[in-house]
Amino acid sequence: MREMKSIFKASNVVKLVFIVLTYLLVQFLINIGIITDYYQTTLATICINIILAVSLNLVTGFTGQFSLGHAGFMAIGAYACAIITLKNPTYAGFIQGVAAGAILSAIVGVAVGLPTLRLRGDYLAIATLGMAEIIRIIFTNLKITNGAAGLQGIPRFINWTWLFVFTAATLIIISNFIKSSHGRACIAIREDEIAAEAMGINTTKYKVAAFVIGAFFAGVAGALYASYFYFLKPNIFNFAKSVDILVIVVLGGMGSLTGSVLGAAILALISTFLQRFSEVRMIIYSLILIIIMLFRPQGIMGSRELSLSLFKRAASKIEPKVGKERS
Amino acid sequence: MPILTVEKLTKSFGGLTAVSNVNMEINEGELLGLIGPNGAGKTTLFNLLTGVYVPTTGKIVFRTKKGEESIQGLRPYKICGKGIARTFQNIRLFKNLTVLDNVRIAMHKDIQYGIFSSFVHGLRYNKEEKKIVEESIKLLEILGLDKKKEELANNLPYGEQRHLEIARALATNPSLLLLDEPAAGMNPAETTELISLIRHIREEFNLTILLIEHDMSLVMQTCERIYVLDYGKIIANGTPEQIKSDKRVIEAYLGEDVNNA
Amino acid sequence: MEQFLQQVINGISLGSIYALVALGYTMVYGIINLINFAHCDIYMIGAYVGYYCMTFLGLGVFASLVISMAACVVIGVAIEKIAYKPLRNSPRITVLITAIGVSLFLEYVTMFFMKANVRSYPPLTGILAENINLGSIFISMKQILIVVITIVLVVLLQIIVRHTKLGKAMRAVSLDKDAAELMGINVNNTISFTFALGSALAGAAGVLVGIYYNSINPLMGVIPGLKAFVAAVFGGIGLIPGAFIGGYFIGAVEVFVAGYGNSMYRDAVVFAILIVILIVKPAGLLGKNTREKV
């Protein structure tokens with residue numbers, strides 16, 4: 001009975017309420033027309049970028065393995081889903097497409113991760129970057145992906161509700177993973193790989209696990225992208241895309257999931273306003289990277305999470321009485 | 001009965017032989033010391049025993065509940081799984097994590113729930129996580145760190161960081177504990193406290209302990225038997241009394257008075 | 001056979017450019033353990049400076065080359081002082097992300113001012129425009145120019161690194177920064193000097209590639225930069241001879257894959273080589289493996 005209770009702990013209930021309220025609020029804004037079709041596209045970008053950033057954060061922010069190849073996994077998910085839904089334009093086809101994209105991406109993640117995760121730091125970064133480039137070049141040359149011209153007219157099966165469900169599910173799954181013993185094993189690797197191994201953690205297993213989970217969700221994000229935006233070409237998934245995702249993670253804070261959510265939202269809004277000036281957008285992105293690294297390398301959130309207790313703590317500073325009651 | 005047997009263990013790095021032809025036998029329940037001048041190869045020997053380095057030649061046999069097993073060349077996490085835990089000379093805590101998390105991480109290898117059930121936090125997860133926290137706090141109480149469980153490891157004073165290293169090693173549930181200079185940087189009062197702590201955990205957890213130490217008073221007071229390493233070779237082995245009067249040991253320390261140290 | 005020799009000649013020309021760029025990567029990595037992502041954009045800027053000198057100032061090849069190298073030295077050192085120096089004691093990942101930021105910044109600022117379209121180098125005139133035909137093998141004077149300039153620059157670099165005080169300081173700092181500082185070496189100046197040397201070579205490579213391929217654009221550095229980095233890793237990162245050998249190797253591989261295989265896959269092959277080296281011998285052809293001390 002006690003265990004049952006702990007699932008319904010106050011913080012979990014608050015989270016659930018918060019998730020449902022967010023959904024309802026946005027749905028309401030869509031219904032009354034405040035969020036127009038144009039901004040719905042931004043909303044979709046935010047959701048997809050949250051999934052990408054959170055999955056990269058698991059690899060880079062939590063496990064400490066610097067990957068520059070996330071766009072490659074996204075590409076696999078996107079093309080798998082696009083090809084399947086083009087052949088079978090039904091909801092069943094779409095679900096199959098997402099599943100196939102995510103699983104294929106995870107399989108490539110194992111194949112790439114096993115050999116390369118032995119490399120440290122910047123070598124790993126450059127190896128994953130090379131991997132993503134190879135994937136892009138292959139997609140540029142295959143017939144089934146229609147080469148450099150890409151695929152068009154991919155049927156759209158998703159709307160805000162679908163995107164929200166996928167995003168929330170990704171957040172919950174990755175957050176649960178991090179708060180488990182397996183997640184702590186990953187964090188230990190980031191902190192000190194040799195000590196982690198000496199304390200009985202199979203570091204190879206957990207580096208690959210984090211990498212594969214990251215690849216899986218990047219595949220999901222790619223599939224959602226393909227289904228929402230009708231159109232794919234290999235150049236969408238170039239090095240700049242991997243950097244885009246990295247910027248979100250770095251801005252939000254490496255090791256903070258809520259930071260990634262904030263980062264995705266902020267950057268999506270910036271790029272929506274600067275859509276017509278793509279060069280300016282990239283200049284601003286690059287300046288964000290440099291300035292954050294120089295002045296606040298831990299990002300907006302550091303490794304903290306936005307949570308109820310954080311608000312409470314902030315409130316207790318303003319109102320000392322509240323703090324006393326709590327302690 | 002020996003719990004660990006080392007036979008003709010050698011490790012060379014290029015032309016340098018850091019550990020050469022070492023034979024050792026550690027009996028169950030013993031409290032052993034490993035001493036020797038700087039650069040004698042003590043830490044290298046620890047690294048060989050715990051799998052950080054792969055021996056060039058030689059054998060390491062460890063006795064677990066399942067019987068005797070050769071463990072040379074196994075990866076560190078596997079050796080840890082068999083029941084050998086260690087601390088580090090140059091403290092290697094998970095600095096940005098809390099004291100509690102440092103200990104919880106070391107309990108990972110006994111976790112029963114898999115990666116997939118960690119995604120959903122089922123009943124098994126709750127039960128095991130609760131147990132882990134309880135056991136971690138018990139360990140922290142023994143090491144006197146329970147009041148600081150929410151502090152970051154990095155913010156602990158030096159002596160407490162060394163204690164946390166021991167707590168973390170104990171959390172892996174070892175039968176053999178290797179301590180690499182546990183008293184380094186401690187003042188005499190802290191060292192005295194450490195001695196009684198080491199004795200206490202040996203009783204409490206039924207441990208065999210091998211410790212490297214430069215503080216001779218600690219070694220001579222606590223250890224029942226001592227190995228002396230010099231230039232990668234074992235040059236003596238015996239009770240503290242025997243070691244104090246051993247000619248080769250005195251020579252190795254080049255006039256450093258083992259008796260007074 | 002003739003086709004083979006032709007490919008060798010093309011490979012050497014292209015390899016010279018990779019070698020010049022790879023030297024900059026390897027020297028910077030050797031001294032501060034940083035993959036300087038912005039290095040490939042200095043090469044791009046070198047190409048643009050050369051383009052302006054030749055097109056608008058009407059300068060000759062050599063004058064343009066020297067001006068472009070000087071401009072790149074200024075930019076390279078400025079980047080080091082502004083973006084990397086404050087992060088000397090930060091985690092490597094922080095500096096690496098900064099380098100990516102600087103790289104994007106240079107690319108898109110150039111794009112903002114120069115626009116994204118491709119620019120053409122003016123055609124060479126006089127003896128440099130001629131070709132030599134040896135039977136059915138065809139060597140252009142451009143190719144000879146590229147190889148000769150590369151060799152001259154690499155010899156100069158060797159002299160500087162081997163025989164000057166600053167060169168010795170460079171080697172000392174790359175071995176042990178703290179010890180070098182205790183020996184009275186000004187570490188900051190030495191690092192800046194390394195960036196200056198690397199940037200000068202990248203600037204030269206930029207002008208040469210402009211002459212060779214005739215077209216430049218703001219993103220021209222990205223892929224060649226990655227390949228030059230692969231070259232540096234192949235030879236053994238941090239080692240000057242390694243980068244030189246690696247540059248020619250990668251140039252040859254690329255030309256042969258394009259010549260005998262599918263030219264669409266030539267970039268993929270280079271990245272595949274990178275991954276294989278990193279897995280099989282991460283220290284590279286001439287490097288030694290090292291282990292972290294526990």
# chains A, B, ... in the order shown; residues from 1 in each chain; ligands from 1
call {"tool": "residues_around", "arguments": {"residues": "Thr94 (chain C)", "least_positions_apart": "4", "cutoff": "8 Å", "atoms": "only C-alpha atoms", "output": "CSV table (one decimal) with N, CA and C atoms, in the first residue's frame"}}
result
chain,number,residue,atom,x,y,z
A,293,MET,N,29.1,30.5,-23.4
A,293,MET,CA,30.3,29.7,-23.0
A,293,MET,C,31.2,30.7,-22.2
A,297,PRO,N,28.7,29.3,-18.6
A,297,PRO,CA,28.8,28.0,-19.3
A,297,PRO,C,27.8,27.0,-18.9
C,87,LEU,N,39.0,31.1,-21.6
C,87,LEU,CA,38.5,29.8,-21.3
C,87,LEU,C,39.6,28.8,-21.0
C,90,SER,N,38.9,26.2,-18.5
C,90,SER,CA,37.5,25.6,-18.5
C,90,SER,C,37.6,24.2,-19.0
C,98,THR,N,32.5,26.8,-27.8
C,98,THR,CA,32.9,28.2,-28.2
C,98,THR,C,33.4,28.2,-29.6
call {"tool": "interface_residues", "arguments": {"of": "chain C", "to": "chain A", "cutoff": "6 Å", "atoms": "only C-alpha atoms", "output": "PyMOL selection string"}}
result
chain C and resi 98+101+104-105+108+112+268+271+275
call {"tool": "residues_around", "arguments": {"residues": "Ile107 (chain A)", "least_positions_apart": "6", "cutoff": "12 Å", "atoms": "only C-alpha atoms", "output": "JSON, numbers by chain"}}
result
{"A": [73, 76, 77, 100, 101, 113, 114, 208, 209, 211, 212, 213, 214, 215, 216, 219]}
call {"tool": "write_last_selection", "arguments": {"atoms": "N, CA, C and O atoms", "output": "CSV table (one decimal), in the first residue's frame"}}
result
chain,number,residue,atom,x,y,z
A,73,PHE,N,20.6,10.9,-36.7
A,73,PHE,CA,19.6,10.0,-36.2
A,73,PHE,C,18.2,10.5,-36.5
A,73,PHE,O,17.3,9.8,-36.8
A,76,ILE,N,17.4,9.5,-40.0
A,76,ILE,CA,17.0,8.1,-40.2
A,76,ILE,C,15.5,8.0,-39.8
A,76,ILE,O,14.7,7.4,-40.6
A,77,GLY,N,15.1,8.6,-38.7
A,77,GLY,CA,13.7,8.5,-38.3
A,77,GLY,C,12.8,9.2,-39.3
A,77,GLY,O,11.7,8.7,-39.7
A,100,ALA,N,9.3,2.3,-36.8
A,100,ALA,CA,10.4,1.9,-37.6
A,100,ALA,C,11.5,2.9,-37.6
A,100,ALA,O,12.7,2.5,-37.4
A,101,GLY,N,11.2,4.2,-37.7
A,101,GLY,CA,12.2,5.2,-37.6
A,101,GLY,C,13.0,5.2,-36.3
A,101,GLY,O,14.2,5.2,-36.3
A,113,GLY,N,27.6,3.5,-31.7
A,113,GLY,CA,28.0,3.8,-30.4
A,113,GLY,C,29.1,2.8,-29.8
A,113,GLY,O,30.0,3.1,-29.2
A,114,LEU,N,28.9,1.5,-30.2
A,114,LEU,CA,29.8,0.5,-29.6
A,114,LEU,C,31.2,0.8,-29.9
A,114,LEU,O,32.0,0.8,-28.9
A,208,VAL,N,26.6,3.3,-24.1
A,208,VAL,CA,25.9,2.9,-25.3
A,208,VAL,C,24.4,3.0,-25.0
A,208,VAL,O,23.6,3.5,-25.9
A,209,ALA,N,23.9,2.7,-23.8
A,209,ALA,CA,22.5,2.8,-23.5
A,209,ALA,C,22.0,4.2,-23.7
A,209,ALA,O,21.0,4.4,-24.3
A,211,PHE,N,23.3,6.6,-25.4
A,211,PHE,CA,23.4,6.9,-26.8
A,211,PHE,C,22.3,6.3,-27.6
A,211,PHE,O,21.7,7.0,-28.5
A,212,VAL,N,21.9,5.1,-27.3
A,212,VAL,CA,20.8,4.4,-28.0
A,212,VAL,C,19.5,5.0,-27.7
A,212,VAL,O,18.7,5.3,-28.6
A,213,ILE,N,19.3,5.3,-26.4
A,213,ILE,CA,18.0,5.9,-26.0
A,213,ILE,C,17.9,7.3,-26.7
A,213,ILE,O,16.9,7.7,-27.3
A,214,GLY,N,19.0,8.0,-26.7
A,214,GLY,CA,19.1,9.3,-27.4
A,214,GLY,C,18.8,9.2,-28.9
A,214,GLY,O,18.0,9.9,-29.5
A,215,ALA,N,19.4,8.2,-29.5
A,215,ALA,CA,19.1,7.9,-31.0
A,215,ALA,C,17.7,7.6,-31.2
A,215,ALA,O,17.1,8.1,-32.2
A,216,PHE,N,17.1,6.8,-30.3
A,216,PHE,CA,15.7,6.3,-30.5
A,216,PHE,C,14.8,7.6,-30.5
A,216,PHE,O,14.0,7.7,-31.4
A,219,GLY,N,15.1,9.7,-33.5
A,219,GLY,CA,14.4,9.0,-34.6
A,219,GLY,C,12.9,9.4,-34.5
A,219,GLY,O,12.3,9.7,-35.5
call {"tool": "residues_around", "arguments": {"residues": "region 160-172 of chain B", "least_positions_apart": "2", "cutoff": "9 Å", "atoms": "only C-alpha atoms", "output": "VMD selection string"}}
result
(chain A and resid 198 to 200) or (chain B and resid 80 to 81 83 to 88 91 to 93 99 102 to 110 135 to 136 139 to 140 142 to 145 153 to 158 174 177 to 179 182 to 184 194 201 205)
call {"tool": "atom_distance", "arguments": {"atom1": "CA of Trp160 (chain A)", "atom2": "CA of Ala44 (chain A)"}}
result
7.0 Å
call {"tool": "interface_residues", "arguments": {"of": "chain A", "to": "chain B", "cutoff": "12 Å", "atoms": "only C-alpha atoms", "output": "number ranges by chain"}}
result
A: 1-9, 12, 62, 169-206, 209-210, 212-213, 255, 302-304
call {"tool": "select_by_dssp", "arguments": {"residues": "region 3-156 of chain B", "states": "alpha helix (DSSP H)", "output": "number ranges by chain"}}
result
B: 42-49, 76-82, 99-106, 115-120, 123-142
call {"tool": "write_last_selection", "arguments": {"atoms": "C-alpha atoms", "output": "mmCIF file, in the first residue's frame"}}
result
data_model
loop_
_atom_site.group_PDB
_atom_site.id
_atom_site.type_symbol
_atom_site.label_atom_id
_atom_site.label_comp_id
_atom_site.auth_asym_id
_atom_site.auth_seq_id
_atom_site.Cartn_x
_atom_site.Cartn_y
_atom_site.Cartn_z
ATOM 1 C CA LYS B 42 52.050 0.411 -4.713
ATOM 2 C CA THR B 43 49.290 2.205 -6.573
ATOM 3 C CA THR B 44 50.146 0.300 -9.751
ATOM 4 C CA LEU B 45 49.639 -2.916 -7.791
ATOM 5 C CA PHE B 46 46.216 -1.631 -6.658
ATOM 6 C CA ASN B 47 45.381 -0.754 -10.241
ATOM 7 C CA LEU B 48 46.295 -4.283 -11.302
ATOM 8 C CA LEU B 49 44.187 -5.845 -8.547
ATOM 9 C CA PRO B 76 37.167 -2.988 -13.160
ATOM 10 C CA TYR B 77 33.382 -3.150 -12.866
ATOM 11 C CA LYS B 78 33.491 -6.939 -13.034
ATOM 12 C CA ILE B 79 36.156 -7.134 -10.355
ATOM 13 C CA CYS B 80 34.090 -4.801 -8.232
ATOM 14 C CA GLY B 81 31.143 -7.110 -8.810
ATOM 15 C CA LYS B 82 33.137 -10.022 -7.428
ATOM 16 C CA VAL B 99 26.900 12.760 -0.636
ATOM 17 C CA LEU B 100 23.858 10.506 -0.776
ATOM 18 C CA ASP B 101 24.073 10.141 -4.552
ATOM 19 C CA ASN B 102 27.747 9.194 -4.332
ATOM 20 C CA VAL B 103 26.818 6.268 -2.130
ATOM 21 C CA ARG B 104 23.675 5.366 -4.057
ATOM 22 C CA ILE B 105 25.635 5.124 -7.299
ATOM 23 C CA ALA B 106 27.946 2.558 -5.754
ATOM 24 C CA ILE B 115 16.465 -0.181 -17.919
ATOM 25 C CA PHE B 116 12.971 -0.590 -19.357
ATOM 26 C CA SER B 117 11.262 -0.591 -16.000
ATOM 27 C CA SER B 118 13.209 2.542 -15.096
ATOM 28 C CA PHE B 119 11.231 4.324 -17.841
ATOM 29 C CA VAL B 120 7.948 3.891 -15.991
ATOM 30 C CA LEU B 123 6.361 -0.793 -7.926
ATOM 31 C CA ARG B 124 9.661 -2.651 -8.003
ATOM 32 C CA TYR B 125 11.431 0.633 -8.656
ATOM 33 C CA ASN B 126 9.861 2.287 -5.637
ATOM 34 C CA LYS B 127 10.636 -0.620 -3.362
ATOM 35 C CA GLU B 128 14.272 -0.880 -4.416
ATOM 36 C CA GLU B 129 14.967 2.826 -4.454
ATOM 37 C CA LYS B 130 13.596 3.080 -0.938
ATOM 38 C CA LYS B 131 15.843 0.263 0.187
ATOM 39 C CA ILE B 132 18.865 1.887 -1.427
ATOM 40 C CA VAL B 133 18.248 5.158 0.349
ATOM 41 C CA GLU B 134 17.828 3.406 3.687
ATOM 42 C CA GLU B 135 21.014 1.399 3.278
ATOM 43 C CA SER B 136 22.957 4.430 2.070
ATOM 44 C CA ILE B 137 21.908 6.412 5.103
ATOM 45 C CA LYS B 138 22.969 3.552 7.367
ATOM 46 C CA LEU B 139 26.415 3.612 5.780
ATOM 47 C CA LEU B 140 26.650 7.365 6.047
ATOM 48 C CA GLU B 141 25.768 7.127 9.746
ATOM 49 C CA ILE B 142 28.677 4.751 10.303
#
call {"tool": "atom_distance", "arguments": {"atom1": "CA of Val270 (chain C)", "atom2": "CA of Pro224 (chain C)"}}
result
10.6 Å
call {"tool": "residues_around", "arguments": {"residues": "Lys59 (chain B)", "least_positions_apart": "6", "cutoff": "12 Å", "atoms": "only C-alpha atoms", "output": "VMD selection string"}}
result
chain B and resid 4 to 11 21 to 25 48 to 49 69 to 74
call {"tool": "residues_around", "arguments": {"residues": "Arg156 (chain A)", "least_positions_apart": "6", "cutoff": "7 Å", "atoms": "only C-alpha atoms", "output": "ChimeraX atom specification"}}
result
/A:227-228,230
call {"tool": "residues_around", "arguments": {"residues": "Ile223 (chain C)", "least_positions_apart": "5", "cutoff": "9 Å", "atoms": "only C-alpha atoms", "output": "ChimeraX atom specification"}}
result
/C:40,228,267
call {"tool": "write_last_selection", "arguments": {"atoms": "N, CA, C and O atoms", "output": "tab-separated table (two decimals), in the first residue's frame"}}
result
chain	number	residue	atom	x	y	z
C	40	CYS	N	38.64	26.31	-40.22
C	40	CYS	CA	38.21	26.15	-41.61
C	40	CYS	C	37.62	27.45	-42.14
C	40	CYS	O	37.61	27.69	-43.34
C	228	ALA	N	40.43	18.19	-43.67
C	228	ALA	CA	41.78	18.51	-43.21
C	228	ALA	C	41.96	18.04	-41.78
C	228	ALA	O	43.03	17.54	-41.40
C	267	ASP	N	33.18	12.07	-50.05
C	267	ASP	CA	33.20	12.62	-48.69
C	267	ASP	C	32.92	11.52	-47.67
C	267	ASP	O	33.54	11.46	-46.62
